[in-house]
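Structure below is upload.cif: mmCIF, C-alpha atoms and all ligand atoms.
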```
data_my_file
loop_
_atom_site.label_atom_id
_atom_site.label_comp_id
_atom_site.auth_asym_id
_atom_site.auth_seq_id
_atom_site.Cartn_x
_atom_site.Cartn_y
_atom_site.Cartn_z
CA MET F 41 83.93 114.22 68.75
CA ASN F 42 82.80 113.75 72.35
CA VAL F 43 85.61 113.08 74.82
CA PRO F 44 84.79 111.57 78.23
CA MET F 45 86.76 112.50 81.33
CA LEU F 46 87.33 108.78 81.89
CA ASP F 47 86.31 105.62 80.04
CA LEU F 48 87.20 102.53 82.03
CA ALA F 49 85.82 100.19 79.36
CA VAL F 50 88.23 101.65 76.80
CA GLN F 51 91.07 101.66 79.33
CA ASP F 52 90.59 98.00 80.29
CA ALA F 53 89.80 96.65 76.80
CA PRO F 54 93.36 95.51 75.90
CA LEU F 55 93.56 93.53 79.16
CA MET F 56 90.03 92.10 79.10
CA GLY F 57 90.99 88.52 78.19
CA GLU F 58 93.68 88.39 80.84
CA LEU F 59 91.41 89.98 83.46
CA GLN F 60 88.60 87.51 82.81
CA GLN F 61 91.03 84.57 83.00
CA ALA F 62 92.38 85.85 86.31
CA LEU F 63 88.88 86.14 87.77
CA LEU F 64 87.89 82.69 86.50
CA LYS F 65 90.94 81.21 88.19
CA VAL F 66 89.66 82.46 91.55
CA ALA F 67 86.03 81.58 90.91
CA GLY F 68 85.10 78.27 92.47
CA THR F 69 88.29 77.94 94.54
CA GLY F 70 86.54 79.07 97.70
CA ARG F 71 89.58 81.21 98.55
CA TYR F 72 88.00 84.65 98.35
CA ILE F 73 89.22 86.34 101.54
CA ARG F 74 92.88 86.40 102.65
CA GLY F 75 93.64 83.77 100.02
CA PRO F 76 96.75 83.06 97.95
CA VAL F 77 95.89 85.51 95.16
CA LEU F 78 95.83 88.38 97.66
CA THR F 79 99.12 87.26 99.20
CA ALA F 80 100.81 87.07 95.80
CA PHE F 81 99.48 90.52 94.86
CA GLU F 82 100.66 92.03 98.16
CA GLN F 83 104.14 90.60 97.57
CA ALA F 84 104.29 91.88 94.00
CA PHE F 85 103.09 95.32 95.09
CA ALA F 86 105.65 95.54 97.91
CA ALA F 87 108.44 94.57 95.51
CA ARG F 88 107.35 97.19 93.02
CA VAL F 89 107.24 99.99 95.61
CA GLY F 90 110.46 98.78 97.23
CA VAL F 91 109.17 98.11 100.74
CA ALA F 92 109.12 95.08 103.02
CA HIS F 93 105.33 94.82 103.43
CA ALA F 94 102.09 95.56 101.63
CA VAL F 95 98.78 95.00 103.44
CA GLY F 96 95.56 94.97 101.43
CA VAL F 97 92.56 96.73 102.98
CA ALA F 98 89.04 97.67 101.89
CA SER F 99 89.70 101.20 100.58
CA GLY F 100 92.14 104.09 100.44
CA THR F 101 90.19 105.73 103.24
CA ASP F 102 90.76 102.69 105.47
CA ALA F 103 94.42 102.59 104.41
CA LEU F 104 94.81 106.10 105.84
CA GLU F 105 92.77 105.55 108.98
CA LEU F 106 94.34 102.20 109.84
CA SER F 107 97.78 103.76 109.31
CA LEU F 108 96.95 106.40 111.92
CA GLN F 109 95.68 103.73 114.31
CA ALA F 110 98.68 101.47 113.77
CA LEU F 111 100.96 104.40 114.55
CA ASP F 112 98.97 105.19 117.72
CA ILE F 113 97.79 108.60 116.57
CA GLY F 114 94.56 109.50 118.31
CA ALA F 115 92.70 111.81 120.65
CA GLY F 116 94.03 115.37 120.73
CA ASP F 117 97.02 114.69 118.49
CA GLU F 118 97.68 117.21 115.74
CA VAL F 119 98.26 115.93 112.23
CA ILE F 120 99.55 118.40 109.65
CA THR F 121 98.01 118.00 106.23
CA SER F 122 96.74 119.75 103.14
CA ALA F 123 93.36 121.38 102.58
CA PHE F 124 93.70 120.90 98.84
CA THR F 125 92.82 117.22 98.66
CA PHE F 126 89.95 114.75 98.70
CA PHE F 127 87.86 114.87 101.87
CA ALA F 128 89.00 111.45 103.14
CA THR F 129 92.50 112.76 103.91
CA ALA F 130 91.19 114.91 106.77
CA GLU F 131 88.13 112.82 107.58
CA VAL F 132 90.28 109.94 108.82
CA ILE F 133 92.23 112.23 111.15
CA CYS F 134 88.95 113.29 112.77
CA GLN F 135 87.72 109.68 112.90
CA ARG F 136 90.74 108.89 115.09
CA GLY F 137 89.87 111.81 117.40
CA ALA F 138 92.95 113.70 116.20
CA ILE F 139 92.99 117.28 114.85
CA PRO F 140 93.81 118.14 111.24
CA ILE F 141 96.05 121.16 110.96
CA PHE F 142 95.70 122.54 107.46
CA VAL F 143 98.76 124.25 106.01
CA ASP F 144 99.41 125.77 102.63
CA ILE F 145 100.64 123.98 99.52
CA ASP F 146 103.54 124.46 97.16
CA PRO F 147 102.38 126.42 94.08
CA VAL F 148 104.09 124.00 91.67
CA THR F 149 103.45 120.54 93.12
CA TYR F 150 100.13 121.40 94.90
CA ALA F 151 101.42 119.23 97.76
CA LEU F 152 102.37 120.34 101.30
CA ASP F 153 104.79 123.27 101.43
CA PRO F 154 107.58 122.16 103.82
CA ALA F 155 108.18 125.76 104.99
CA ALA F 156 104.51 126.08 105.96
CA VAL F 157 104.68 122.70 107.69
CA ALA F 158 107.71 123.80 109.74
CA GLN F 159 105.78 126.85 111.01
CA ALA F 160 102.77 124.76 112.03
CA ILE F 161 104.62 122.25 114.24
CA THR F 162 103.67 122.46 117.93
CA PRO F 163 104.34 120.20 120.93
CA ARG F 164 101.04 118.44 120.11
CA THR F 165 102.05 117.59 116.53
CA ARG F 166 102.36 113.83 116.09
CA ALA F 167 102.32 113.25 112.36
CA LEU F 168 102.61 114.67 108.86
CA LEU F 169 100.12 113.51 106.24
CA PRO F 170 101.35 114.71 102.83
CA VAL F 171 99.19 114.04 99.77
CA HIS F 172 100.89 113.27 96.45
CA LEU F 173 98.18 115.12 94.62
CA PHE F 174 97.24 114.35 91.02
CA GLY F 175 100.26 112.01 90.80
CA HIS F 176 103.14 114.36 91.66
CA ALA F 177 105.04 113.45 94.82
CA ALA F 178 105.35 115.94 97.67
CA ASP F 179 108.84 117.09 98.68
CA MET F 180 109.50 113.97 100.77
CA HIS F 181 113.14 114.87 101.40
CA ALA F 182 112.25 118.12 103.18
CA LEU F 183 109.21 116.63 104.94
CA GLY F 184 111.23 113.58 106.03
CA ALA F 185 113.90 115.86 107.50
CA LEU F 186 111.26 117.78 109.49
CA ALA F 187 109.71 114.54 110.72
CA GLU F 188 113.07 113.31 111.90
CA GLN F 189 113.93 116.61 113.60
CA TYR F 190 110.65 116.72 115.53
CA GLY F 191 110.07 112.97 116.00
CA LEU F 192 106.91 112.86 113.87
CA ALA F 193 105.29 109.97 112.05
CA VAL F 194 104.79 110.30 108.29
CA ILE F 195 101.78 108.82 106.52
CA GLU F 196 101.87 109.30 102.76
CA ASP F 197 98.53 109.69 101.02
CA CYS F 198 99.39 107.85 97.79
CA ALA F 199 95.76 107.46 96.66
CA GLN F 200 96.37 109.40 93.45
CA ALA F 201 100.00 108.54 92.99
CA PHE F 202 100.65 104.89 92.25
CA GLY F 203 103.60 105.00 89.82
CA ALA F 204 104.99 108.35 90.97
CA SER F 205 108.55 108.49 92.22
CA LEU F 206 111.17 110.88 93.52
CA ASP F 207 114.89 110.30 92.90
CA GLY F 208 114.22 106.70 91.92
CA ARG F 209 112.12 105.90 94.99
CA GLN F 210 108.46 105.11 94.61
CA VAL F 211 105.89 106.97 96.68
CA GLY F 212 104.83 104.83 99.60
CA SER F 213 108.46 104.03 100.43
CA PHE F 214 109.31 107.32 102.20
CA GLY F 215 106.94 107.45 105.17
CA ASP F 216 106.19 105.14 108.08
CA THR F 217 103.29 104.02 105.91
CA GLY F 218 101.97 104.73 102.42
CA ALA F 219 98.22 104.57 101.83
CA PHE F 220 97.02 103.58 98.35
CA SER F 221 93.51 103.57 96.90
CA PHE F 222 92.37 101.17 94.19
CA TYR F 223 89.17 103.08 93.46
CA PRO F 224 88.52 102.36 89.76
CA SER F 225 89.63 105.79 88.51
CA LYS F 226 93.08 105.57 90.12
CA THR F 227 96.26 104.80 88.16
CA LEU F 228 96.00 101.26 89.51
CA GLY F 229 92.26 100.71 89.75
CA ALA F 230 90.25 97.69 90.86
CA TRP F 231 86.76 96.69 89.70
CA GLY F 232 85.34 97.93 92.96
CA ASP F 233 86.72 99.40 96.16
CA GLY F 234 90.12 98.50 97.52
CA GLY F 235 93.18 99.91 99.23
CA LEU F 236 96.60 98.94 100.51
CA ILE F 237 99.20 100.07 103.02
CA THR F 238 102.95 99.87 102.44
CA THR F 239 105.47 99.84 105.28
CA ASP F 240 109.00 98.73 106.05
CA SER F 241 108.20 97.98 109.67
CA ASP F 242 107.49 94.37 110.64
CA GLU F 243 105.56 95.48 113.74
CA VAL F 244 103.43 98.00 111.90
CA ALA F 245 102.61 95.44 109.19
CA GLU F 246 101.63 92.86 111.77
CA ARG F 247 99.42 95.33 113.59
CA LEU F 248 97.82 96.49 110.33
CA ARG F 249 96.89 92.91 109.45
CA ARG F 250 95.31 92.55 112.87
CA LEU F 251 93.47 95.89 112.66
CA GLY F 252 91.87 94.89 109.37
CA ASN F 253 90.71 91.63 110.92
CA HIS F 254 88.82 92.83 114.02
CA GLY F 255 91.95 93.03 116.16
CA GLN F 256 92.17 89.25 116.08
CA GLU F 257 95.58 87.92 117.04
CA ALA F 258 94.94 84.24 116.38
CA GLY F 259 92.15 81.73 116.90
CA TYR F 260 89.36 84.12 117.98
CA ARG F 261 91.58 85.95 120.45
CA TYR F 262 90.94 89.70 120.20
CA VAL F 263 93.58 92.04 121.54
CA GLU F 264 92.17 95.40 120.45
CA VAL F 265 89.04 96.97 119.04
CA ALA F 266 89.42 97.31 115.29
CA ARG F 267 87.28 96.53 112.22
CA ASN F 268 86.79 94.42 109.12
CA SER F 269 88.84 95.95 106.32
CA ARG F 270 90.17 93.50 103.75
CA LEU F 271 91.04 93.48 100.07
CA ASP F 272 89.37 90.40 98.61
CA ASP F 273 91.00 87.92 96.26
CA LEU F 274 88.80 88.79 93.28
CA GLN F 275 89.91 92.42 93.43
CA ALA F 276 93.50 91.26 94.00
CA ALA F 277 93.24 89.14 90.84
CA VAL F 278 92.20 92.19 88.80
CA LEU F 279 94.90 94.33 90.39
CA ALA F 280 97.62 91.73 89.83
CA VAL F 281 96.93 91.75 86.08
CA LYS F 282 96.97 95.54 85.98
CA LEU F 283 100.15 95.66 88.07
CA ARG F 284 101.91 93.48 85.49
CA HIS F 285 100.95 96.02 82.82
CA ALA F 286 101.58 99.11 84.92
CA ASP F 287 104.57 100.28 82.87
CA THR F 288 102.55 100.25 79.66
CA ALA F 289 99.76 102.21 81.35
CA ALA F 290 102.26 104.72 82.75
CA ARG F 291 103.78 105.25 79.30
CA ALA F 292 100.32 105.89 77.84
CA ARG F 293 99.55 108.47 80.52
CA GLN F 294 102.94 110.14 79.99
CA ALA F 295 102.39 110.32 76.21
CA ILE F 296 99.02 112.04 76.72
CA ALA F 297 100.53 114.50 79.19
CA SER F 298 103.35 115.31 76.75
CA ARG F 299 100.86 115.83 73.92
CA TYR F 300 98.77 118.22 76.04
CA ALA F 301 101.90 120.12 77.04
CA GLU F 302 102.91 120.48 73.39
CA ARG F 303 99.47 121.51 72.14
CA LEU F 304 98.75 123.88 75.02
CA ALA F 305 102.16 125.54 75.18
CA ASP F 306 100.89 128.87 73.78
CA VAL F 307 97.52 128.90 75.52
CA ALA F 308 96.93 131.29 78.43
CA ILE F 309 96.79 128.60 81.12
CA THR F 310 99.29 127.21 83.63
CA LEU F 311 100.39 123.69 82.73
CA PRO F 312 101.26 121.10 85.40
CA ALA F 313 105.00 120.82 86.06
CA THR F 314 107.13 117.81 86.82
CA LEU F 315 110.01 118.85 89.06
CA PRO F 316 113.52 117.44 88.46
CA GLY F 317 114.01 113.99 89.95
CA HIS F 318 110.26 113.25 89.83
CA VAL F 319 108.30 110.81 87.73
CA HIS F 320 104.67 112.00 87.53
CA GLY F 321 101.95 109.36 87.86
CA TRP F 322 99.45 111.49 85.84
CA ASN F 323 96.30 110.41 87.63
CA TYR F 324 95.08 113.86 86.63
CA PHE F 325 96.34 116.42 84.13
CA THR F 326 95.42 119.57 86.00
CA VAL F 327 95.86 123.04 84.55
CA LEU F 328 95.16 126.41 86.13
CA THR F 329 92.99 128.86 84.24
CA GLU F 330 91.29 132.17 84.85
CA GLU F 331 87.49 132.18 84.38
CA ARG F 332 87.55 128.48 85.25
CA ASP F 333 83.80 127.99 85.47
CA ALA F 334 83.24 129.53 82.04
CA VAL F 335 85.97 127.28 80.62
CA VAL F 336 84.30 124.21 82.17
CA ALA F 337 80.97 125.27 80.63
CA GLY F 338 82.65 125.81 77.26
CA LEU F 339 84.25 122.34 77.31
CA ARG F 340 81.01 120.65 78.36
CA GLU F 341 79.11 122.50 75.62
CA ARG F 342 81.51 120.89 73.16
CA GLY F 343 80.98 117.41 74.61
CA ILE F 344 84.28 117.34 76.46
CA GLY F 345 84.43 115.92 79.96
CA CYS F 346 86.58 117.56 82.61
CA GLY F 347 86.78 117.70 86.40
CA VAL F 348 87.33 120.30 89.07
CA TYR F 349 89.42 118.79 91.86
CA TYR F 350 88.97 120.60 94.24
CA ALA F 351 86.95 123.81 94.03
CA THR F 352 86.34 124.10 97.78
CA PRO F 353 89.40 123.43 99.94
CA LEU F 354 88.77 121.47 103.10
CA HIS F 355 89.13 124.36 105.56
CA ARG F 356 86.19 126.01 103.74
CA GLN F 357 83.96 122.92 103.79
CA PRO F 358 80.88 123.30 106.02
CA VAL F 359 82.07 120.63 108.44
CA PHE F 360 85.42 122.36 109.03
CA GLU F 361 84.59 126.01 108.41
CA ALA F 362 83.82 126.98 112.04
CA GLN F 363 87.02 125.45 113.39
CA HIS F 364 89.44 126.02 110.52
CA GLY F 365 87.81 128.54 108.16
CA LYS F 366 89.84 131.50 109.39
CA ARG F 367 93.13 129.90 108.41
CA SER F 368 94.85 131.85 105.67
CA LEU F 369 95.93 129.48 102.92
CA PRO F 370 96.47 131.82 99.96
CA VAL F 371 98.12 129.34 97.58
CA THR F 372 95.48 126.70 98.30
CA GLU F 373 92.68 129.18 97.68
CA SER F 374 94.18 130.56 94.50
CA VAL F 375 94.81 127.07 93.04
CA ALA F 376 91.34 125.85 94.09
CA ALA F 377 89.74 128.78 92.27
CA ARG F 378 91.57 128.04 89.00
CA CYS F 379 92.16 124.27 88.80
CA LEU F 380 90.73 122.22 85.96
CA SER F 381 91.51 118.56 85.22
CA LEU F 382 91.46 117.29 81.63
CA PRO F 383 90.79 113.74 80.38
CA ILE F 384 93.79 111.42 80.76
CA PHE F 385 93.60 107.63 80.72
CA PRO F 386 95.24 104.79 78.77
CA GLY F 387 93.29 104.32 75.54
CA LEU F 388 92.50 108.03 75.10
CA SER F 389 93.49 108.63 71.47
CA GLU F 390 95.87 111.30 70.28
CA ALA F 391 93.02 112.70 68.16
CA ALA F 392 90.87 113.04 71.28
CA VAL F 393 93.69 114.81 73.13
CA ASP F 394 93.96 117.23 70.22
CA VAL F 395 90.21 117.88 70.31
CA VAL F 396 90.45 118.76 74.01
CA ALA F 397 93.52 120.95 73.51
CA ASP F 398 92.01 122.78 70.53
CA ALA F 399 88.78 123.39 72.40
CA LEU F 400 90.63 124.75 75.41
CA ALA F 401 92.78 126.98 73.18
CA CYS F 402 89.66 128.24 71.46
CA ILE F 403 87.77 128.97 74.68
CA ARG F 404 90.72 130.75 76.30
CA HIS F 405 91.36 132.75 73.13
CA ARG F 406 87.72 133.79 73.00
CA GLY F 407 87.87 134.81 76.67
CA SER F 408 90.83 137.08 76.06
CA LEU F 409 89.19 138.54 72.96
CA ARG F 410 86.07 139.27 74.97
CA ARG F 411 88.12 141.09 77.59
CA ALA F 412 90.00 143.04 74.90
CA ALA F 413 86.69 143.81 73.20
CA SER F 414 85.07 145.14 76.32
CA SER F 415 88.06 147.38 77.13
CA ALA F 416 88.60 148.64 73.55
CA SER F 417 84.91 148.56 72.53
CA THR F 418 85.72 146.57 69.40
CA SER F 419 83.80 143.54 68.25
CA ALA F 420 85.43 140.19 68.91
CA SER F 421 85.77 137.85 66.01
CA SER F 422 88.11 135.02 65.27
CA THR F 423 88.34 131.81 63.32
CA CYS F 424 87.59 130.07 66.57
CA LEU F 425 84.39 132.05 67.07
CA LYS F 426 83.29 131.67 63.46
CA SER F 427 83.92 127.96 63.45
CA ARG F 428 81.41 127.41 66.28
C1 LIG E 501 93.84 111.97 97.89
C2 LIG E 501 92.90 110.87 98.26
N1 LIG E 501 92.95 110.34 99.49
C3 LIG E 501 92.15 109.34 99.86
C4 LIG E 501 91.23 108.80 99.00
C5 LIG E 501 90.30 107.73 99.49
O1 LIG E 501 90.37 106.55 98.74
P1 LIG E 501 89.10 105.55 98.63
O2 LIG E 501 88.10 106.20 97.74
O3 LIG E 501 89.67 104.31 98.05
O4 LIG E 501 88.58 105.35 100.00
C6 LIG E 501 91.14 109.30 97.70
C7 LIG E 501 90.16 108.72 96.76
O5 LIG E 501 89.56 109.36 95.96
C8 LIG E 501 91.99 110.37 97.32
O6 LIG E 501 91.94 110.88 96.08
#
```
If you took the structure in this file and wrote it as structure tokens, what would it be?
Ligand SMILES: Cc1ncc(COP(=O)(O)O)c(C=O)c1O
Amino acid sequence: MNVPMLDLAVQDAPLMGELQQALLKVAGTGRYIRGPVLTAFEQAFAARVGVAHAVGVASGTDALELSLQALDIGAGDEVITSAFTFFATAEVICQRGAIPIFVDIDPVTYALDPAAVAQAITPRTRALLPVHLFGHAADMHALGALAEQYGLAVIEDCAQAFGASLDGRQVGSFGDTGAFSFYPSKTLGAWGDGGLITTDSDEVAERLRRLGNHGQEAGYRYVEVARNSRLDDLQAAVLAVKLRHADTAARARQAIASRYAERLADVAITLPATLPGHVHGWNYFTVLTEERDAVVAGLRERGIGCGVYYATPLHRQPVFEAQHGKRSLPVTESVAARCLSLPIFPGLSEAAVDVVADALACIRHRGSLRRAASSASTSASSTCLKSR
């Protein structure tokens, strides 16, 4: 059985009728930009996250960059963030003329380590940009306390974490802003690009709406230089349907994660943890394994999709290497060398999960036999090997 890393057609199939209806309702109305469907979706999203405002924008990248701009973070300001994340997290800091300061991550959550953050704060630090990676929230209590102590802004990168919470509070409700991505593979995915910013501040929300609309205050009066960054009503229609079914999708992801945990309990890999008080969003089910590249090859040979997010941490990327490459981030580097993400999406069958788990168990078992064989000079054989 082949198992894809992600199959959006399978994932969306149960909602297809409702999704098509929602799109047809918008079609022909002429209200495609900043229309009533977007407004209703923004209100529903804000209510779900537990914040006063939600502002739709064109992408998760824009959600992060416009957050920085709305909070007046710019030239020469230092923004503390993670190097174990998607490139956009740091890219937007540079786009604002600010400086990303990469600090190490927590070995369990893979999100910013508050102790490392505390050591990196300087008089030039203006903001913290924690990433709720793979769907597990960062330690927002500790990071919030640091932000308060040093007067820093907090921008949450929630791109991978719609549905994640900590002590009953959804991600996106802790910081000054929360930046969400609706890229199709996310836990709340559109049928195209999209993003959204959450905030409790009336002023920040108002400025964000202006920044996404060319800095226009009203009636062709422009008060600052900004851009066009809007979530359109067709995408909002898709997202509104998916938002209504978000609990069902979250349960499906949780069931897959639990099944993996059960089936992989005795395999020589590190399973992802969910710390007490957290609800994991399970955008990715990421394990750590030795000989990662051989394991990836073994899975692909068997027709199993998987992903490596992220093999090269940002401080080692060509664009940042000269300026940041000498930073010592031992946890980041160790996790980046071993991380492997397995298929997880609503609609992935239990049988498919078992195929993935069995293949992983087999490959890891074979790896350890090979090591034992080379040290003891015995020939490696096993049911797993014979069955191939
Ligand atoms: C952690 C993180 N931040 C930011 C983004 C950017 O989101 P988008 O692709 O919607 O611009 C992504 C998307 O992959 C992401 O995973």
Let me have all residues with an atom within 10 Å of ligand LIG 501 (chain E), counting only C-alpha atoms and all ligand atoms, laid out as a ChimeraX atom specification. /F:97-105,122,124-132,170-175,196-201,219-226,229-230,232-236,323,349
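Distance-wise, atom CA of F:Ala86 and atom CA of F:Asn253 end up 20.2 Å apart.
With all atoms listed in the file as the basis for measurement, F:Ala87 is the residue among F:Ala87, F:Ala178, F:Leu388, F:Val50 that approaches F:Asp240 most closely.
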Atom pair atom CA of F:Val307 / atom CA of F:Arg404: separation (Å):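 Answer for the atom CA of F:Val307 to atom CA of F:Arg404 separation: 7.1 Å.
For the choices F:Ala151, F:Ala286, F:Val335, F:Ala266, the atom-to-atom distance to F:Cys402 is smallest for F:Val335 when using all atoms listed in the file.
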Tell me which of F:Val393, F:Ala313, F:Ala258, F:Val265 sits closest to F:Arg299, counting all atoms listed in the file.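 Closest residue, counting all atoms listed in the file: F:Val393.
Minimum atom-to-atom distances from F:Val336, F:Cys346, F:Ala84, F:Ala49 to F:Thr238 were compared using only C-alpha atoms, and the lowest value belongs to F:Ala84.
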Which residue out of F:Val244, F:Leu328, F:Ile384, F:Ala158 has the minimum interatomic distance to F:Ala295 when all atoms listed in the file are used? F:Ile384
Among listed residues F:Gly90, F:Pro154, F:Asp146, F:Arg247, nearest F:Gly212 (using all atoms listed in the file): F:Gly90
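In this structure, atom CA of F:Phe214 sits 10.5 Å away from atom CA of F:Ala177.
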Set the distance at 10 Å and use only C-alpha atoms: which residues neighbour F:Ile309 once local chain neighbours fewer than 6 positions away are removed? I'd like the list as a PyMOL selection string. chain F and resi 327-330+378-379+400-401+404
Save the residues we just selected, C-alpha atoms, as an mmCIF file, in the frame of the given file?
```cif
data_model
loop_
_atom_site.group_PDB
_atom_site.id
_atom_site.type_symbol
_atom_site.label_atom_id
_atom_site.label_comp_id
_atom_site.auth_asym_id
_atom_site.auth_seq_id
_atom_site.Cartn_x
_atom_site.Cartn_y
_atom_site.Cartn_z
ATOM 1 C CA VAL F 327 95.860 123.040 84.550
ATOM 2 C CA LEU F 328 95.160 126.410 86.130
ATOM 3 C CA THR F 329 92.990 128.860 84.240
ATOM 4 C CA GLU F 330 91.290 132.170 84.850
ATOM 5 C CA ARG F 378 91.570 128.040 89.000
ATOM 6 C CA CYS F 379 92.160 124.270 88.800
ATOM 7 C CA LEU F 400 90.630 124.750 75.410
ATOM 8 C CA ALA F 401 92.780 126.980 73.180
ATOM 9 C CA ARG F 404 90.720 130.750 76.300
#
```
Show which residues sit within 6 Å of stretch 277-280 of chain F, as a PyMOL selection string. Count all atoms listed in the file, and ignore same-chain residues fewer than 6 positions away. chain F and resi 59+62+81+230
Excluding F:Ser381 and any residue of its chain fewer than 5 positions from it, enumerate the residues within 6 Å of it, using only C-alpha atoms, and give them as a PyMOL selection string. chain F and resi 325-326+346-348
Box centre and edge lengths (Å, one decimal), axis-aligned, stretch 291-306 of chain F plus 4 Å each side, as JSON:
```
{"center_x": 101.3, "center_y": 117.1, "center_z": 76.3, "size_x": 13.0, "size_y": 31.6, "size_z": 16.4}
```
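By chain and then residue number, the residues within 12 Å of F:Ala289 are Gln51, Asp52, Pro54, Leu55, Phe202, Gly203, Lys226, Thr227, Leu228, Gly229, Val281, Lys282, Leu283, Arg284, His285, Arg293, Gln294, Ala295, Ile296, Gly321, Trp322, Asn323, Ile384, Phe385, Pro386, Gly387 and Leu388 of chain F, counting all atoms listed in the file and disregarding those fewer than 4 positions away in sequence.
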Spatial neighbours of F:Gly255, 10 Å, all atoms listed in the file, chain gap at least 4 places, as a PyMOL selection string: chain F and resi 247-251+260-268
